[in-house]
Each structure stands twice: as structure tokens, then as C-alpha cells.
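A.B. asks: Below: one structure in C-alpha cells.
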Amino acid sequence: MTEGVLEFGALLERLMHHRTLGAAALPAAAGADPEELQAVLAGRPPTGRLLRDLGPVLGLHAADLFVLAGQPVPDDLTPVTRNPNWSVSRVVYNMMVMPAEMRRPLLDAIRAQPVVRRKGRGGIDRPYHRYEPGFGAVLLQLTHSRNLTWMCTARALYAVTGGRIYLSASTIGGVGDGTVDATPELVAGFAGVLGIPAPDLAALGGIRLPDDLPPLHSRAAYVAAVIWEARRLTTAQLQEVYRTSHHLADR
């Protein structure tokens, strides 16, 4: 990820303010040194240990905190597969059209796949995934940490918004480059894809969400869960999950 996309201390301070978290309560809950947290809020880069400790307290994935801090995600927190040639988009599509009672069995099928030992770093890393500093870059790096390409991200946004957000792959890339504005509705859509509460994601970006923002699709939470859980699958496992989703969708 581009170093210094945004200062982590500023992002964390915005989130703490949004959640009314005190500077003393957060380190106590995380088992962290209060002075270390204060130094981070003042601009010092966080240590990897602090980012891992803050994850459960903030209700965010540790991998996401590394992205927010502009630091490389540690190998053990990256997806299993690097630049996979099989997309989770088809599984997401089947999940959207399957009977409601089949969604949980699909997630169970994903989680039942055996954990495969990583061979180096995983995740999406393409030459054109280099972005100008800004919140749009953060959004795109969070999706890449979920093995989502520009096209996969566009399809996921379409799913979680019920078709309201229909963008091309190049437009998604423009969000990362800052040539396409991260509007409140788009940020809310990304929140649905990432499984992060929209007010939290908006607070991180210093973006105000309007009160009349349209709701996400009723299955948005399942979309985010499928995308996240699929990070740990190999290509062969994801193909097997696709076949399961196809069966559950009765297609």
C-alpha cells in the first residue's frame, strides 16, 4: 500500500470521536500502553502489536487496521491465495438469488473448508493498484485485502445496494486515484461490501452521511461475510464453494 495514505492517528481520533471513546478507555480495553496510544494520536506510526490489539476492541479486522495505518498487512493476515484466477463474485451472485434459508448453509460450507497453510503473501496486488494518497485509496486497499479486483468490487457494490450503484471497473479504479469522489452513498456502499458499519467508515474518512441515505440490500451483511470468509480459500476450494452455492440457489 502507498505509505502515508492518511495519518492513522487522525483516522483513529475520528473514529474515537464518533463512538465517544475516551483516550483512557481505549488502551485499557485493548491492554495497550496509554502513552503509546497518545503518541499514535499525535502522529507516531502504530506498531503491529498495537494494531492487532485494537482490532477486537474496535470491532474491526486486524488486517483492515494495517491497511488504515498504511502498513503492509502481515503475511498471516493476508488472504491465502495471491492474485487468484477465480472470483468470489459468482458465489455472491448465487447467494443473492438463493432462498433466504440457504444463506446460512452457504456460510457454513465456506467455514467448513479446511485451513490451508499459506505460501508467502496472498491478496490482490496488480501494478495498477497504486493510488494517490486519500480516502479513496484506503477504500480500494480494503477491498484488495479481500481479494477483490476493480470488477469484483463493482459487482459487490451493485449487490449490496440492490443495483443503485452500478459502476464500471475503471470508475472503481478512479475512486482509488481520487478522480472519482467518494460520495456519502458510495462510502455507504463500500461499508456494505466491507462489513464495516457505514457511520464508522464515514467517520474514518471525515464524511458526513445524510439522514435520508437509502438503506442497503437486506442481504448486504451476508455479502460482506461471504467475501471475508472466502479470503482463506484456495482457488480449488472457492470453485467447490461455487458449486455448493449453485446447488443451494437451485440453479
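Simple scheme: letters A, B, ... for chains in C-alpha cells order, numbers from 1 for residues in each chain, numbers from 1 for ligands in the order shown.
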Can you pull out the residues contacting range 206-218 of chain A? Cut-off 7 Å, using only C-alpha atoms, and skip same-chain residues under 5 positions away; I want them as a PyMOL selection string.

C.D. replies: chain A and resi 160-162+184-185

A.B. asks: Quick one: residues within 12 Å of His18 in chain A, only C-alpha atoms counted, chain neighbours fewer than 2 positions away excluded, as a PyMOL selection string?

C.D. replies: chain A and resi 11-16+20-22+58+197-208

A.B. asks: Could those residues be written to a file, using C-alpha atoms, as a PDB file, in the first residue's frame?

C.D. replies:
ATOM      1  CA  LEU A  11      -8.284   8.300  11.409  1.00  0.00           C
ATOM      2  CA  LEU A  12      -8.360   6.729  14.858  1.00  0.00           C
ATOM      3  CA  GLU A  13      -9.214  10.034  16.501  1.00  0.00           C
ATOM      4  CA  ARG A  14     -12.164  10.496  14.141  1.00  0.00           C
ATOM      5  CA  LEU A  15     -13.450   7.021  14.946  1.00  0.00           C
ATOM      6  CA  MET A  16     -12.996   7.542  18.685  1.00  0.00           C
ATOM      7  CA  THR A  20     -17.350   8.735  22.052  1.00  0.00           C
ATOM      8  CA  LEU A  21     -14.408   6.579  23.108  1.00  0.00           C
ATOM      9  CA  GLY A  22     -12.127   8.182  25.662  1.00  0.00           C
ATOM     10  CA  LEU A  58     -12.811  -1.522  17.765  1.00  0.00           C
ATOM     11  CA  PRO A 197     -20.817  -0.020   9.829  1.00  0.00           C
ATOM     12  CA  ALA A 198     -21.383   2.874   7.448  1.00  0.00           C
ATOM     13  CA  PRO A 199     -21.202   5.555  10.189  1.00  0.00           C
ATOM     14  CA  ASP A 200     -17.825   4.166  11.288  1.00  0.00           C
ATOM     15  CA  LEU A 201     -16.387   4.091   7.772  1.00  0.00           C
ATOM     16  CA  ALA A 202     -17.710   7.579   7.079  1.00  0.00           C
ATOM     17  CA  ALA A 203     -16.205   8.839  10.337  1.00  0.00           C
ATOM     18  CA  LEU A 204     -12.813   7.412   9.351  1.00  0.00           C
ATOM     19  CA  GLY A 205     -12.985   9.410   6.134  1.00  0.00           C
ATOM     20  CA  GLY A 206     -14.381  12.541   7.726  1.00  0.00           C
ATOM     21  CA  ILE A 207     -17.517  12.187   5.604  1.00  0.00           C
ATOM     22  CA  ARG A 208     -20.993  13.129   6.800  1.00  0.00           C
TER      23      ARG A 208
END

A.B. asks: What does the structure give for the distance between CA of Leu186 in chain A and CA of Val223 in chain A, in Å to one decimal?

C.D. replies: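 Between CA of Leu186 in chain A and CA of Val223 in chain A the gap works out to 16.3 Å.
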
A.B. asks: Skipping near chain neighbours, those fewer than 2 positions away, what residues fall within 7 Å of range 143-158 of chain A using only C-alpha atoms, listed as number ranges by chain?

C.D. replies: A: 78-79, 89, 123-124, 139-141, 160-169, 172-173, 189-190, 193, 227-228, 231

A.B. asks: Restricted to C-alpha atoms, what would the selected residues look like written as a tab-separated table (two decimals), in the first residue's frame?

C.D. replies:
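Dumped to again_23.tsv:
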chain	number	residue	atom	x	y	z
A	78	THR	CA	-3.44	-11.76	4.12
A	79	PRO	CA	-5.76	-13.92	2.01
A	89	SER	CA	-18.39	-12.74	-7.49
A	123	GLY	CA	-4.11	-10.99	-1.79
A	124	ILE	CA	-4.64	-8.89	-4.88
A	139	LEU	CA	-11.32	2.10	0.36
A	140	LEU	CA	-9.70	0.32	-2.57
A	141	GLN	CA	-6.92	-1.18	-0.48
A	160	VAL	CA	-25.18	-4.64	-1.56
A	161	THR	CA	-27.00	-1.57	-2.89
A	162	GLY	CA	-29.66	-3.52	-4.74
A	163	GLY	CA	-28.42	-2.19	-8.07
A	164	ARG	CA	-28.37	1.50	-7.12
A	165	ILE	CA	-24.59	1.72	-7.53
A	166	TYR	CA	-23.69	0.44	-10.98
A	167	LEU	CA	-20.13	1.37	-11.88
A	168	SER	CA	-17.50	0.20	-14.34
A	169	ALA	CA	-14.22	-1.32	-13.22
A	172	ILE	CA	-13.76	1.92	-9.26
A	173	GLY	CA	-10.10	2.50	-10.07
A	189	GLY	CA	-21.92	1.04	-0.39
A	190	PHE	CA	-18.27	0.27	0.35
A	193	VAL	CA	-19.08	-4.66	0.92
A	227	ILE	CA	-16.42	-12.07	0.79
A	228	TRP	CA	-14.48	-12.03	4.06
A	231	ARG	CA	-10.29	-14.83	1.80

A.B. asks: Name the residues in contact with Gly136 in chain A at a cut-off of 9 Å, using only C-alpha atoms, excluding same-chain residues fewer than 5 positions from it; report them as a PyMOL selection string.

C.D. replies: chain A and resi 131+141+174-178+180-182+205

A.B. asks: Which residues, written as a count of residues only, have at least one atom at most 10 Å from Leu65 in chain A, with only C-alpha atoms counted and residues fewer than 6 positions away on the same chain left out?

C.D. replies: 13
